[in-house]
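Undergrad: One structure coming up, written as structure tokens, with questions to follow.
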Amino acid sequence: MANIGETFQKAKDNLGFIGVCLGIFAALFLVAWLFERFVMKDRRRRFSDTHFITYTAIFSAMAAVLMLLEFPLMFLAPEFYKLDFSELPVMISTFYLGPVAGVVTELIKIVLKLLIKGTSTAFVGDFANFVVGCAFVLPASMIYHAKPGKKTAGIGLICGTLIMTVFGSAFNGLYLIPKFAQMFGGLDGIIAMGSKVNGNINSIWTLVFFSVVPFNLIKGVVVSILAFLLYKRISPLMHMGDDRRKRRKAKKEA
């Protein structure tokens, strides 16, 4: 009976986790869609479905590859916090195609990574990467698309970095670290891992303050700088195709 009860509880916990994942994805997608519907308006229809799907797939594949190239910052955080730059293609995707593309690219990136490599964190780390990544790219994209320009791109990236740092850190403290502890040997073991990196870490919130906050901040700053420099250079190349499609459409209508 005890085994049956444990199995039932584990299934209940897993279903609850899946429900949280689906609910958060739906909420993020809805926010992105409403923004495009009421703020971007006519600009959201400038791409065909084929064009949207093609570029989303390309950026998702690039992001998935970059997600495989992850490395720990052993001087800053426990080894299960690993830095990758997969948000770079996602940011370029959402700047080019819109906020909905950012959320979709972030999701497909995770799915591709799981198909290629699987998970070593019982999907918790993958879920964290998706949610925290969206907290970065979605605000940046919405600010940029509200009034596209170099200045708003910079403001969006700064705000995205700050929001990711604050939200990602709070989300770690309130949900992700306790979830890791529940699945991987208890909270004491995780705190001990943090203490080996920094002797000031002795609780969840000191782990968040001394490790998670600077970790997210470093990632946000580096990706923002790279995205700002790269998008400025490749944007004209991507928009050349937009101009050709407009000319073809004008000829057909004529």
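Every chain in the structure tokens has a letter given in the order shown (A, B, ...), and although residue numbers restart at 1 in each chain, ligands are simply numbered from 1 in the order shown.
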Which residues come within 8 Å of range 189-204 of chain A, counting only C-alpha atoms, excluding same-chain residues fewer than 5 positions away, as a PDB file with N, CA and C atoms, in the first residue's frame?

TA:
```pdb
ATOM      1  N   MET A  74      31.714  28.009 -12.243  1.00  0.00           N
ATOM      2  CA  MET A  74      32.039  27.389 -10.965  1.00  0.00           C
ATOM      3  C   MET A  74      32.458  28.397  -9.895  1.00  0.00           C
ATOM      4  N   PHE A  75      32.920  29.562 -10.314  1.00  0.00           N
ATOM      5  CA  PHE A  75      33.326  30.586  -9.350  1.00  0.00           C
ATOM      6  C   PHE A  75      32.132  31.339  -8.786  1.00  0.00           C
ATOM      7  N   LEU A  76      30.938  31.107  -9.367  1.00  0.00           N
ATOM      8  CA  LEU A  76      29.778  31.917  -9.026  1.00  0.00           C
ATOM      9  C   LEU A  76      28.605  31.118  -8.490  1.00  0.00           C
ATOM     10  N   ALA A  77      28.337  29.962  -9.090  1.00  0.00           N
ATOM     11  CA  ALA A  77      27.116  29.223  -8.757  1.00  0.00           C
ATOM     12  C   ALA A  77      27.390  27.717  -8.763  1.00  0.00           C
ATOM     13  N   PRO A  78      26.533  26.918  -8.094  1.00  0.00           N
ATOM     14  CA  PRO A  78      26.670  25.462  -8.154  1.00  0.00           C
ATOM     15  C   PRO A  78      26.641  24.969  -9.587  1.00  0.00           C
ATOM     16  N   GLY A 173      13.951  31.159  -6.250  1.00  0.00           N
ATOM     17  CA  GLY A 173      13.792  31.058  -4.807  1.00  0.00           C
ATOM     18  C   GLY A 173      12.458  30.479  -4.379  1.00  0.00           C
ATOM     19  N   ILE A 177      14.220  26.156  -7.007  1.00  0.00           N
ATOM     20  CA  ILE A 177      15.137  25.529  -6.054  1.00  0.00           C
ATOM     21  C   ILE A 177      14.405  24.540  -5.151  1.00  0.00           C
ATOM     22  N   ALA A 181      15.163  20.599  -4.980  1.00  0.00           N
ATOM     23  CA  ALA A 181      15.407  19.944  -3.698  1.00  0.00           C
ATOM     24  C   ALA A 181      14.486  18.746  -3.504  1.00  0.00           C
ATOM     25  N   PHE A 210      23.517  35.549  -3.944  1.00  0.00           N
ATOM     26  CA  PHE A 210      24.943  35.496  -4.274  1.00  0.00           C
ATOM     27  C   PHE A 210      25.247  34.723  -5.563  1.00  0.00           C
ATOM     28  N   SER A 211      24.320  33.889  -6.013  1.00  0.00           N
ATOM     29  CA  SER A 211      24.587  33.086  -7.212  1.00  0.00           C
ATOM     30  C   SER A 211      23.627  33.375  -8.360  1.00  0.00           C
TER      31      SER A 211
END
```

Undergrad: Using only C-alpha atoms, which of the listed residues (A:Ala64, A:Leu34, A:Leu28, A:Leu226) sits closest to Val132 in chain A?

TA: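 Nearest candidate to Val132 in chain A out of A:Ala64, A:Leu34, A:Leu28, A:Leu226: A:Leu28.
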
Undergrad: Using only C-alpha atoms, which residues sit within 6 Å of Asn216 in chain A once same-chain residues fewer than 3 positions away are excluded, as a list in words?

TA: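 Returned residues: Thr165, Val213 and Lys219 of chain A.
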
Undergrad: Per DSSP on the backbone, filter range 17-112 of chain A down to the residues in helix (DSSP H, G or I) and report them as a ChimeraX atom specification.

TA: /A:17-45,49-68,87-97,99-112

Undergrad: Could you tell me how far CA of Leu66 in chain A sits from CA of Asp84 in chain A, in Å to one decimal place?

TA: 6.6 Å

Undergrad: Any idea what's packed within 9 Å of Leu157 in chain A, counting only C-alpha atoms, ignoring anything in its chain fewer than 4 positions away? Could you give it as a list of chain:residue names?

TA: A:Phe136, A:Val137, A:Pro139, A:Ala140, A:Ser141, A:Ile143, A:Tyr144, A:Thr152, A:Ala153, A:Thr161, A:Leu162, A:Gly220, A:Val221, A:Val223, A:Ser224, A:Ile225, A:Ala227, A:Phe228

Undergrad: Find the residues near Glu106 in chain A: any atom within 10 Å, counting only C-alpha atoms, skip ones fewer than 5 places away on the same chain, and give them as a PyMOL selection string.

TA: chain A and resi 56+59-60+63-64+86-87+89-91+93-94+100-101+111+129-131+133-134+137

Undergrad: Would you output that residue set with C-alpha atoms, as an mmCIF file, in the first residue's frame?

TA:
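result35.cif was written with the following content:
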```cif
data_model
loop_
_atom_site.group_PDB
_atom_site.id
_atom_site.type_symbol
_atom_site.label_atom_id
_atom_site.label_comp_id
_atom_site.auth_asym_id
_atom_site.auth_seq_id
_atom_site.Cartn_x
_atom_site.Cartn_y
_atom_site.Cartn_z
ATOM 1 C CA THR A 56 11.101 30.504 -36.624
ATOM 2 C CA PHE A 59 16.229 30.475 -35.262
ATOM 3 C CA SER A 60 14.920 27.619 -33.094
ATOM 4 C CA ALA A 63 19.120 28.259 -30.377
ATOM 5 C CA ALA A 64 18.935 24.513 -29.711
ATOM 6 C CA SER A 86 20.657 30.138 -26.715
ATOM 7 C CA GLU A 87 18.651 33.314 -26.050
ATOM 8 C CA PRO A 89 18.893 33.568 -31.761
ATOM 9 C CA VAL A 90 15.607 33.770 -29.841
ATOM 10 C CA MET A 91 16.108 37.502 -29.297
ATOM 11 C CA SER A 93 13.837 36.011 -33.905
ATOM 12 C CA THR A 94 11.520 38.026 -31.691
ATOM 13 C CA VAL A 100 4.751 35.473 -30.555
ATOM 14 C CA ALA A 101 7.771 34.203 -32.491
ATOM 15 C CA VAL A 111 11.826 20.588 -27.455
ATOM 16 C CA ASN A 129 15.280 27.875 -19.137
ATOM 17 C CA PHE A 130 12.027 28.426 -21.047
ATOM 18 C CA VAL A 131 10.323 30.588 -18.431
ATOM 19 C CA GLY A 133 14.222 33.020 -21.252
ATOM 20 C CA CYS A 134 10.728 34.332 -22.006
ATOM 21 C CA VAL A 137 13.002 38.156 -24.651
#
```

Undergrad: Pick the closest to Met142 in chain A from A:Lys82, A:Ile24, A:Trp33, A:Phe127: which is it, counting only C-alpha atoms?

TA: A:Trp33

Undergrad: May I ask for the distance between CA of Ala170 in chain A and CA of Trp205 in chain A, given in Å to one decimal place?

TA: 8.9 Å

Undergrad: According to DSSP computed on the backbone, where in range 1-138 of chain A is there strand (DSSP E or B)? Give the residues as a PyMOL selection string.

TA: chain A and resi 71-72+82-83

Undergrad: For the selection you just gave me, I'd like the residues written to a file as an mmCIF file, in the first residue's frame, keeping C-alpha atoms.

TA:
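Result file is result.cif:
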```cif
data_model
loop_
_atom_site.group_PDB
_atom_site.id
_atom_site.type_symbol
_atom_site.label_atom_id
_atom_site.label_comp_id
_atom_site.auth_asym_id
_atom_site.auth_seq_id
_atom_site.Cartn_x
_atom_site.Cartn_y
_atom_site.Cartn_z
ATOM 1 C CA PHE A 71 29.177 25.507 -19.239
ATOM 2 C CA PRO A 72 29.053 26.113 -15.479
ATOM 3 C CA LYS A 82 24.999 26.301 -16.554
ATOM 4 C CA LEU A 83 25.423 29.265 -18.837
#
```

Undergrad: Counting only C-alpha atoms, which residue out of A:Ile155, A:Ala61, A:Leu88, A:Thr50 sits closest to Leu115 in chain A?

TA: A:Ala61

Undergrad: Between A:Met183, A:Thr105, A:Thr206, A:Met238, which has the minimum distance to His51 in chain A (counting only C-alpha atoms)?

TA: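 Of A:Met183, A:Thr105, A:Thr206, A:Met238, the one nearest His51 in chain A, counting only C-alpha atoms, is A:Met238.
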